[in-house]
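Dropping work_8.txt in here (compact mmCIF, N, CA, C and O atoms):
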```txt
# COMPACT_ATOMS: atom_id res chain seq x y z
N MET A 1 -95.73 -13.52 -8.05
CA MET A 1 -94.86 -13.21 -9.13
C MET A 1 -93.58 -12.57 -8.60
O MET A 1 -92.49 -12.90 -9.05
N LEU A 2 -93.71 -11.66 -7.65
CA LEU A 2 -92.53 -11.00 -7.09
C LEU A 2 -91.61 -12.01 -6.42
O LEU A 2 -90.38 -11.92 -6.55
N GLU A 3 -92.19 -12.98 -5.70
CA GLU A 3 -91.38 -14.02 -5.06
C GLU A 3 -90.61 -14.82 -6.10
O GLU A 3 -89.44 -15.15 -5.91
N ARG A 4 -91.29 -15.14 -7.20
CA ARG A 4 -90.63 -15.91 -8.26
C ARG A 4 -89.44 -15.15 -8.83
O ARG A 4 -88.35 -15.70 -8.97
N PHE A 5 -89.60 -13.87 -9.12
CA PHE A 5 -88.50 -13.10 -9.68
C PHE A 5 -87.41 -12.82 -8.64
O PHE A 5 -86.26 -12.59 -8.99
N ALA A 6 -87.76 -12.84 -7.37
CA ALA A 6 -86.77 -12.62 -6.32
C ALA A 6 -85.95 -13.87 -6.03
O ALA A 6 -84.90 -13.79 -5.40
N ASN A 7 -86.39 -15.02 -6.49
CA ASN A 7 -85.68 -16.28 -6.26
C ASN A 7 -84.39 -16.30 -7.08
O ASN A 7 -84.43 -16.36 -8.31
N PRO A 8 -83.22 -16.27 -6.42
CA PRO A 8 -81.96 -16.23 -7.17
C PRO A 8 -81.64 -17.54 -7.88
O PRO A 8 -80.75 -17.59 -8.73
N TRP A 9 -82.35 -18.59 -7.57
CA TRP A 9 -82.08 -19.89 -8.17
C TRP A 9 -82.80 -20.08 -9.50
O TRP A 9 -82.49 -21.00 -10.24
N LEU A 10 -83.75 -19.22 -9.79
CA LEU A 10 -84.45 -19.30 -11.07
C LEU A 10 -83.86 -18.28 -12.03
O LEU A 10 -83.70 -17.11 -11.68
N GLU A 11 -83.56 -18.72 -13.21
CA GLU A 11 -83.05 -17.80 -14.21
C GLU A 11 -84.21 -17.28 -15.04
O GLU A 11 -85.05 -18.05 -15.49
N HIS A 12 -84.28 -15.98 -15.20
CA HIS A 12 -85.35 -15.36 -15.98
C HIS A 12 -84.72 -14.62 -17.15
O HIS A 12 -84.03 -13.63 -16.95
N GLU A 13 -84.95 -15.12 -18.32
CA GLU A 13 -84.47 -14.43 -19.50
C GLU A 13 -85.63 -13.59 -20.04
O GLU A 13 -86.60 -14.12 -20.56
N TYR A 14 -85.52 -12.29 -19.87
CA TYR A 14 -86.61 -11.41 -20.23
C TYR A 14 -86.97 -11.47 -21.70
O TYR A 14 -88.13 -11.34 -22.06
N ARG A 15 -86.00 -11.75 -22.55
CA ARG A 15 -86.32 -11.87 -23.96
C ARG A 15 -87.21 -13.08 -24.22
O ARG A 15 -88.07 -13.05 -25.09
N VAL A 16 -87.04 -14.14 -23.42
CA VAL A 16 -87.90 -15.32 -23.56
C VAL A 16 -89.28 -15.02 -22.98
O VAL A 16 -90.30 -15.38 -23.57
N ILE A 17 -89.32 -14.36 -21.84
CA ILE A 17 -90.59 -13.99 -21.22
C ILE A 17 -91.39 -13.10 -22.16
O ILE A 17 -92.61 -13.21 -22.26
N ALA A 18 -90.71 -12.22 -22.87
CA ALA A 18 -91.38 -11.27 -23.76
C ALA A 18 -91.78 -11.88 -25.11
O ALA A 18 -92.47 -11.23 -25.89
N THR A 19 -91.42 -13.12 -25.36
CA THR A 19 -91.77 -13.77 -26.61
C THR A 19 -93.28 -13.90 -26.75
O THR A 19 -93.97 -14.23 -25.80
N ASN A 20 -93.78 -13.62 -27.93
CA ASN A 20 -95.21 -13.74 -28.25
C ASN A 20 -96.11 -12.88 -27.37
O ASN A 20 -97.23 -13.28 -27.04
N GLN A 21 -95.64 -11.71 -26.99
CA GLN A 21 -96.42 -10.85 -26.09
C GLN A 21 -97.77 -10.45 -26.67
O GLN A 21 -98.76 -10.39 -25.93
N GLU A 22 -97.83 -10.18 -27.96
CA GLU A 22 -99.12 -9.78 -28.54
C GLU A 22 -100.14 -10.89 -28.38
O GLU A 22 -101.28 -10.64 -27.99
N GLU A 23 -99.75 -12.11 -28.67
CA GLU A 23 -100.68 -13.24 -28.56
C GLU A 23 -101.06 -13.47 -27.10
O GLU A 23 -102.24 -13.67 -26.77
N LYS A 24 -100.10 -13.44 -26.20
CA LYS A 24 -100.37 -13.63 -24.77
C LYS A 24 -101.35 -12.56 -24.28
O LYS A 24 -102.28 -12.86 -23.53
N PHE A 25 -101.12 -11.32 -24.67
CA PHE A 25 -101.97 -10.22 -24.23
C PHE A 25 -103.39 -10.41 -24.76
O PHE A 25 -104.36 -10.23 -24.03
N ARG A 26 -103.49 -10.78 -26.03
CA ARG A 26 -104.81 -10.97 -26.66
C ARG A 26 -105.58 -12.08 -25.97
O ARG A 26 -106.79 -11.98 -25.76
N ILE A 27 -104.91 -13.14 -25.56
CA ILE A 27 -105.57 -14.29 -24.94
C ILE A 27 -105.88 -14.03 -23.46
O ILE A 27 -106.96 -14.37 -22.98
N ARG A 28 -104.94 -13.42 -22.74
CA ARG A 28 -105.06 -13.30 -21.29
C ARG A 28 -105.70 -12.00 -20.81
O ARG A 28 -106.41 -11.99 -19.82
N VAL A 29 -105.42 -10.91 -21.50
CA VAL A 29 -105.83 -9.60 -20.98
C VAL A 29 -107.04 -9.01 -21.70
O VAL A 29 -107.92 -8.43 -21.05
N VAL A 30 -107.11 -9.17 -23.01
CA VAL A 30 -108.22 -8.56 -23.75
C VAL A 30 -109.58 -9.03 -23.24
O VAL A 30 -110.48 -8.20 -23.05
N PRO A 31 -109.79 -10.33 -22.95
CA PRO A 31 -111.10 -10.72 -22.41
C PRO A 31 -111.43 -10.01 -21.08
O PRO A 31 -112.58 -9.65 -20.84
N LEU A 32 -110.43 -9.78 -20.27
CA LEU A 32 -110.64 -9.06 -19.01
C LEU A 32 -111.03 -7.61 -19.28
O LEU A 32 -111.94 -7.07 -18.64
N ILE A 33 -110.38 -6.99 -20.24
CA ILE A 33 -110.72 -5.61 -20.62
C ILE A 33 -112.18 -5.54 -21.07
O ILE A 33 -112.93 -4.67 -20.63
N VAL A 34 -112.57 -6.47 -21.91
CA VAL A 34 -113.94 -6.48 -22.43
C VAL A 34 -114.94 -6.66 -21.29
O VAL A 34 -115.94 -5.94 -21.22
N ARG A 35 -114.67 -7.56 -20.38
CA ARG A 35 -115.58 -7.78 -19.24
C ARG A 35 -115.67 -6.56 -18.35
O ARG A 35 -116.73 -6.19 -17.88
N ARG A 36 -114.53 -5.91 -18.09
CA ARG A 36 -114.51 -4.77 -17.17
C ARG A 36 -115.07 -3.49 -17.77
O ARG A 36 -115.60 -2.66 -17.06
N CYS A 37 -114.91 -3.33 -19.08
CA CYS A 37 -115.24 -2.04 -19.69
C CYS A 37 -116.55 -2.02 -20.46
O CYS A 37 -117.06 -0.94 -20.73
N ARG A 38 -117.07 -3.13 -20.83
CA ARG A 38 -118.36 -3.14 -21.53
C ARG A 38 -119.47 -2.92 -20.52
O ARG A 38 -119.60 -3.67 -19.57
N GLY A 39 -120.23 -1.88 -20.72
CA GLY A 39 -121.38 -1.63 -19.86
C GLY A 39 -121.00 -1.14 -18.47
O GLY A 39 -121.84 -0.96 -17.63
N ALA A 40 -119.73 -0.94 -18.22
CA ALA A 40 -119.29 -0.45 -16.91
C ALA A 40 -118.57 0.88 -17.11
O ALA A 40 -118.25 1.26 -18.22
N ALA A 41 -118.34 1.54 -16.02
CA ALA A 41 -117.61 2.80 -16.09
C ALA A 41 -116.15 2.53 -16.42
O ALA A 41 -115.45 1.89 -15.67
N CYS A 42 -115.72 3.00 -17.56
CA CYS A 42 -114.35 2.76 -17.99
C CYS A 42 -113.39 3.68 -17.25
O CYS A 42 -112.19 3.62 -17.46
N CYS A 43 -113.91 4.51 -16.38
CA CYS A 43 -113.02 5.38 -15.61
C CYS A 43 -112.78 4.82 -14.22
O CYS A 43 -112.09 5.44 -13.42
N ALA A 44 -113.32 3.64 -13.92
CA ALA A 44 -113.07 3.00 -12.63
C ALA A 44 -111.58 2.71 -12.50
O ALA A 44 -110.90 2.50 -13.51
N PRO A 45 -111.05 2.70 -11.27
CA PRO A 45 -109.61 2.46 -11.09
C PRO A 45 -109.10 1.19 -11.79
O PRO A 45 -108.04 1.22 -12.41
N THR A 46 -109.85 0.11 -11.73
CA THR A 46 -109.41 -1.13 -12.38
C THR A 46 -109.29 -0.92 -13.88
O THR A 46 -108.32 -1.34 -14.51
N SER A 47 -110.27 -0.25 -14.47
CA SER A 47 -110.24 0.00 -15.91
C SER A 47 -109.11 0.94 -16.28
O SER A 47 -108.47 0.79 -17.31
N GLN A 48 -108.85 1.94 -15.43
CA GLN A 48 -107.73 2.85 -15.67
C GLN A 48 -106.41 2.09 -15.66
O GLN A 48 -105.55 2.30 -16.51
N ASN A 49 -106.26 1.17 -14.72
CA ASN A 49 -105.03 0.39 -14.63
C ASN A 49 -104.89 -0.54 -15.84
O ASN A 49 -103.78 -0.73 -16.35
N LEU A 50 -105.99 -1.11 -16.29
CA LEU A 50 -105.95 -1.95 -17.49
C LEU A 50 -105.56 -1.12 -18.71
O LEU A 50 -104.79 -1.57 -19.56
N ALA A 51 -106.06 0.10 -18.79
CA ALA A 51 -105.72 0.97 -19.91
C ALA A 51 -104.24 1.35 -19.87
O ALA A 51 -103.58 1.38 -20.90
N LEU A 52 -103.71 1.61 -18.68
CA LEU A 52 -102.28 1.93 -18.55
C LEU A 52 -101.44 0.70 -18.92
O LEU A 52 -100.46 0.82 -19.66
N ALA A 53 -101.83 -0.47 -18.45
CA ALA A 53 -101.11 -1.69 -18.81
C ALA A 53 -101.15 -1.92 -20.32
O ALA A 53 -100.15 -2.31 -20.93
N THR A 54 -102.30 -1.64 -20.92
CA THR A 54 -102.44 -1.80 -22.36
C THR A 54 -101.55 -0.80 -23.10
O THR A 54 -100.89 -1.15 -24.08
N ALA A 55 -101.53 0.43 -22.63
CA ALA A 55 -100.68 1.45 -23.25
C ALA A 55 -99.21 1.04 -23.17
O ALA A 55 -98.47 1.17 -24.16
N ALA A 56 -98.79 0.52 -22.03
CA ALA A 56 -97.40 0.07 -21.87
C ALA A 56 -97.12 -1.10 -22.80
O ALA A 56 -96.06 -1.17 -23.44
N HIS A 57 -98.07 -2.02 -22.89
CA HIS A 57 -97.92 -3.18 -23.78
C HIS A 57 -97.78 -2.72 -25.24
O HIS A 57 -96.89 -3.18 -25.96
N LEU A 58 -98.64 -1.81 -25.66
CA LEU A 58 -98.59 -1.33 -27.04
C LEU A 58 -97.28 -0.58 -27.32
O LEU A 58 -96.71 -0.71 -28.40
N ALA A 59 -96.82 0.18 -26.34
CA ALA A 59 -95.56 0.90 -26.51
C ALA A 59 -94.39 -0.09 -26.61
O ALA A 59 -93.49 0.09 -27.43
N PHE A 60 -94.42 -1.13 -25.81
CA PHE A 60 -93.34 -2.13 -25.81
C PHE A 60 -93.32 -2.95 -27.09
O PHE A 60 -92.27 -3.19 -27.67
N THR A 61 -94.50 -3.35 -27.55
CA THR A 61 -94.57 -4.23 -28.72
C THR A 61 -94.67 -3.46 -30.03
O THR A 61 -94.54 -4.05 -31.10
N HIS A 62 -94.92 -2.16 -29.95
CA HIS A 62 -95.14 -1.33 -31.14
C HIS A 62 -96.34 -1.82 -31.95
O HIS A 62 -96.40 -1.65 -33.16
N ALA A 63 -97.28 -2.44 -31.26
CA ALA A 63 -98.50 -2.94 -31.92
C ALA A 63 -99.53 -1.82 -32.02
O ALA A 63 -99.57 -0.93 -31.16
N PRO A 64 -100.36 -1.86 -33.03
CA PRO A 64 -101.42 -0.85 -33.15
C PRO A 64 -102.59 -1.19 -32.21
O PRO A 64 -102.75 -2.34 -31.80
N LEU A 65 -103.37 -0.19 -31.89
CA LEU A 65 -104.56 -0.41 -31.06
C LEU A 65 -105.48 -1.48 -31.66
O LEU A 65 -106.12 -2.24 -30.93
N GLU A 66 -105.53 -1.55 -32.96
CA GLU A 66 -106.41 -2.51 -33.63
C GLU A 66 -106.05 -3.95 -33.28
O GLU A 66 -106.87 -4.85 -33.40
N SER A 67 -104.82 -4.17 -32.82
CA SER A 67 -104.41 -5.53 -32.46
C SER A 67 -105.14 -6.04 -31.22
O SER A 67 -105.07 -7.22 -30.90
N LEU A 68 -105.87 -5.15 -30.55
CA LEU A 68 -106.60 -5.52 -29.34
C LEU A 68 -107.96 -6.14 -29.63
O LEU A 68 -108.69 -6.47 -28.70
N GLY A 69 -108.29 -6.27 -30.89
CA GLY A 69 -109.56 -6.93 -31.25
C GLY A 69 -110.76 -6.21 -30.68
O GLY A 69 -110.94 -5.01 -30.87
N GLU A 70 -111.58 -6.95 -29.95
CA GLU A 70 -112.84 -6.41 -29.42
C GLU A 70 -112.61 -5.22 -28.49
O GLU A 70 -113.40 -4.28 -28.45
N ALA A 71 -111.52 -5.22 -27.74
CA ALA A 71 -111.24 -4.10 -26.83
C ALA A 71 -111.01 -2.80 -27.59
O ALA A 71 -111.30 -1.72 -27.08
N ALA A 72 -110.53 -2.91 -28.83
CA ALA A 72 -110.29 -1.72 -29.65
C ALA A 72 -111.58 -1.10 -30.16
O ALA A 72 -111.56 -0.03 -30.76
N ARG A 73 -112.70 -1.76 -29.90
CA ARG A 73 -114.00 -1.23 -30.32
C ARG A 73 -114.79 -0.67 -29.14
O ARG A 73 -115.99 -0.43 -29.25
N ILE A 74 -114.13 -0.46 -28.01
CA ILE A 74 -114.76 0.16 -26.84
C ILE A 74 -114.23 1.59 -26.76
O ILE A 74 -113.11 1.82 -26.32
N PRO A 75 -115.04 2.55 -27.23
CA PRO A 75 -114.54 3.93 -27.37
C PRO A 75 -113.90 4.51 -26.11
O PRO A 75 -112.83 5.12 -26.19
N GLU A 76 -114.52 4.32 -24.96
CA GLU A 76 -113.98 4.90 -23.72
C GLU A 76 -112.63 4.28 -23.39
O GLU A 76 -111.71 4.97 -22.93
N PHE A 77 -112.50 2.98 -23.61
CA PHE A 77 -111.24 2.31 -23.33
C PHE A 77 -110.14 2.78 -24.27
O PHE A 77 -109.01 3.03 -23.85
N VAL A 78 -110.47 2.94 -25.53
CA VAL A 78 -109.50 3.41 -26.52
C VAL A 78 -109.03 4.81 -26.15
O VAL A 78 -107.82 5.10 -26.16
N THR A 79 -109.96 5.69 -25.81
CA THR A 79 -109.60 7.07 -25.44
C THR A 79 -108.69 7.08 -24.22
O THR A 79 -107.68 7.79 -24.19
N THR A 80 -109.02 6.27 -23.22
CA THR A 80 -108.20 6.21 -22.01
C THR A 80 -106.83 5.63 -22.30
O THR A 80 -105.81 6.13 -21.81
N THR A 81 -106.77 4.60 -23.11
CA THR A 81 -105.49 3.98 -23.48
C THR A 81 -104.63 4.97 -24.25
O THR A 81 -103.42 5.09 -23.99
N GLU A 82 -105.23 5.69 -25.18
CA GLU A 82 -104.48 6.70 -25.94
C GLU A 82 -103.94 7.80 -25.03
O GLU A 82 -102.83 8.29 -25.22
N ARG A 83 -104.73 8.18 -24.03
CA ARG A 83 -104.28 9.19 -23.07
C ARG A 83 -103.05 8.68 -22.31
O ARG A 83 -102.05 9.39 -22.16
N TRP A 84 -103.10 7.42 -21.86
CA TRP A 84 -101.95 6.84 -21.15
C TRP A 84 -100.74 6.72 -22.07
O TRP A 84 -99.61 6.93 -21.63
N MET A 85 -100.97 6.38 -23.33
CA MET A 85 -99.86 6.27 -24.27
C MET A 85 -99.16 7.63 -24.42
O MET A 85 -97.93 7.70 -24.46
N ALA A 86 -99.94 8.69 -24.47
CA ALA A 86 -99.37 10.04 -24.58
C ALA A 86 -98.59 10.39 -23.32
O ALA A 86 -97.49 10.96 -23.40
N ILE A 87 -99.12 10.05 -22.16
CA ILE A 87 -98.42 10.34 -20.90
C ILE A 87 -97.11 9.55 -20.84
O ILE A 87 -96.06 10.10 -20.46
N LEU A 88 -97.16 8.27 -21.21
CA LEU A 88 -95.94 7.45 -21.20
C LEU A 88 -94.88 8.03 -22.15
O LEU A 88 -93.70 8.12 -21.79
N ALA A 89 -95.30 8.43 -23.34
CA ALA A 89 -94.36 8.96 -24.32
C ALA A 89 -93.79 10.31 -23.89
O ALA A 89 -92.60 10.57 -24.07
N ARG A 90 -94.65 11.14 -23.31
CA ARG A 90 -94.23 12.50 -22.95
C ARG A 90 -93.50 12.56 -21.62
O ARG A 90 -92.47 13.21 -21.49
N ASP A 91 -94.04 11.84 -20.60
CA ASP A 91 -93.54 12.00 -19.24
C ASP A 91 -92.84 10.78 -18.66
O ASP A 91 -92.18 10.88 -17.63
N GLY A 92 -93.03 9.63 -19.27
CA GLY A 92 -92.37 8.42 -18.80
C GLY A 92 -93.21 7.59 -17.83
O GLY A 92 -94.30 7.98 -17.41
N VAL A 93 -92.67 6.45 -17.51
CA VAL A 93 -93.36 5.47 -16.68
C VAL A 93 -93.59 5.99 -15.27
O VAL A 93 -94.68 5.84 -14.71
N ALA A 94 -92.58 6.58 -14.67
CA ALA A 94 -92.71 7.06 -13.29
C ALA A 94 -93.86 8.05 -13.15
O ALA A 94 -94.63 8.00 -12.19
N ALA A 95 -93.99 8.95 -14.10
CA ALA A 95 -95.07 9.94 -14.06
C ALA A 95 -96.43 9.28 -14.21
O ALA A 95 -97.39 9.64 -13.53
N ALA A 96 -96.52 8.29 -15.09
CA ALA A 96 -97.79 7.58 -15.28
C ALA A 96 -98.18 6.85 -14.00
O ALA A 96 -99.34 6.89 -13.57
N LEU A 97 -97.23 6.18 -13.38
CA LEU A 97 -97.52 5.48 -12.13
C LEU A 97 -97.89 6.44 -11.01
O LEU A 97 -98.79 6.15 -10.21
N ALA A 98 -97.24 7.58 -10.97
CA ALA A 98 -97.57 8.59 -9.96
C ALA A 98 -99.00 9.08 -10.17
O ALA A 98 -99.74 9.31 -9.22
N GLU A 99 -99.39 9.24 -11.42
CA GLU A 99 -100.76 9.69 -11.72
C GLU A 99 -101.78 8.64 -11.31
O GLU A 99 -102.84 8.98 -10.81
N THR A 100 -101.48 7.36 -11.54
CA THR A 100 -102.43 6.32 -11.11
C THR A 100 -102.56 6.31 -9.61
O THR A 100 -103.64 6.12 -9.08
N ALA A 101 -101.45 6.54 -8.90
CA ALA A 101 -101.51 6.56 -7.44
C ALA A 101 -102.35 7.74 -6.95
O ALA A 101 -103.07 7.63 -5.97
N ALA A 102 -102.28 8.85 -7.65
CA ALA A 102 -103.05 10.04 -7.27
C ALA A 102 -104.53 9.84 -7.53
O ALA A 102 -105.36 10.47 -6.88
N CYS A 103 -104.88 8.95 -8.47
CA CYS A 103 -106.28 8.74 -8.83
C CYS A 103 -106.99 7.76 -7.90
O CYS A 103 -108.21 7.67 -7.93
N THR A 104 -106.25 7.00 -7.12
CA THR A 104 -106.91 5.99 -6.27
C THR A 104 -107.15 6.47 -4.88
O THR A 104 -106.70 7.45 -4.43
```
What is this structure when it is put down as structure tokens?
Amino acid sequence: MLERFANPWLEHEYRVIATNQEEKFRIRVVPLIVRRCRGAACCAPTSQNLALATAAHLAFTHAPLESLGEAARIPEFVTTTERWMAILARDGVAAALAETAACT
């Protein structure tokens, strides 16, 4: 992905890339969340990163947690996502990323 965005010959219109983000997230990411967090430790680094990505997605799209379907019914994941949402709102992206780096 980084190589693709670094290619000066490809034009990337972020507004086009961001189109239909809720649907893309529901199709591509929610099944991964359900597989990783059901019956597993939702505090594992992978699950923490998924929760942070979800929090960023929800902040960007202004979508409610309920839009996550089955993932919104996993209590540990919801709690972790809400914690990341609070960190993002209060401290910003850099602080959230620094915290994830400290946890690994």
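Proximity of A:Glu82, A:Asn49, A:Gly69, A:Thr54 to Glu99 (chain A), computed with only C-alpha atoms, is greatest for A:Asn49.
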Could you pull the residues within 6 Å of Ala51 (chain A), counting only N, CA, C and O atoms, minus those fewer than 2 positions along the same chain, as a ChimeraX atom specification? /A:46-49,53-56,77,80-81,84
Using all atoms listed in the file, determine which residues lie at most 8 Å from Phe25 (chain A), disregarding the query and same-chain residues fewer than 6 positions distant; provide the list as an MDAnalysis selection string. chainID A and resid 19 31:33 67:68
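The space separating CA of Ala95 (chain A) from CA of Asn7 (chain A) comes to 28.9 Å.
Across the structure, CA of Met85 (chain A) and CA of Ala71 (chain A) are spaced 15.6 Å apart.
Each of A:Pro75, A:Leu50, A:Ala63, A:Pro8 was compared to Val29 (chain A) using all atoms listed in the file, and A:Leu50 turns out to be the nearest.
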For atom N of Leu2 (chain A) and CA of Gln21 (chain A), determine how far apart the two atoms are, in Å to one decimal place. 18.7 Å
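Across A:Leu58, A:Leu65, A:Val34, A:Ala6, the tightest approach to Ala89 (chain A) is made by A:Leu58 when counting only C-alpha atoms.
Distances from A:Glu23, A:Glu76, A:Asp91, A:Glu66 to Cys37 (chain A) were compared using all atoms listed in the file, and the smallest one belongs to A:Glu76.
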Which residue out of A:Arg83, A:Arg36, A:Arg28, A:Arg90 has the minimum interatomic distance to Leu52 (chain A) when only N, CA, C and O atoms are used? A:Arg83
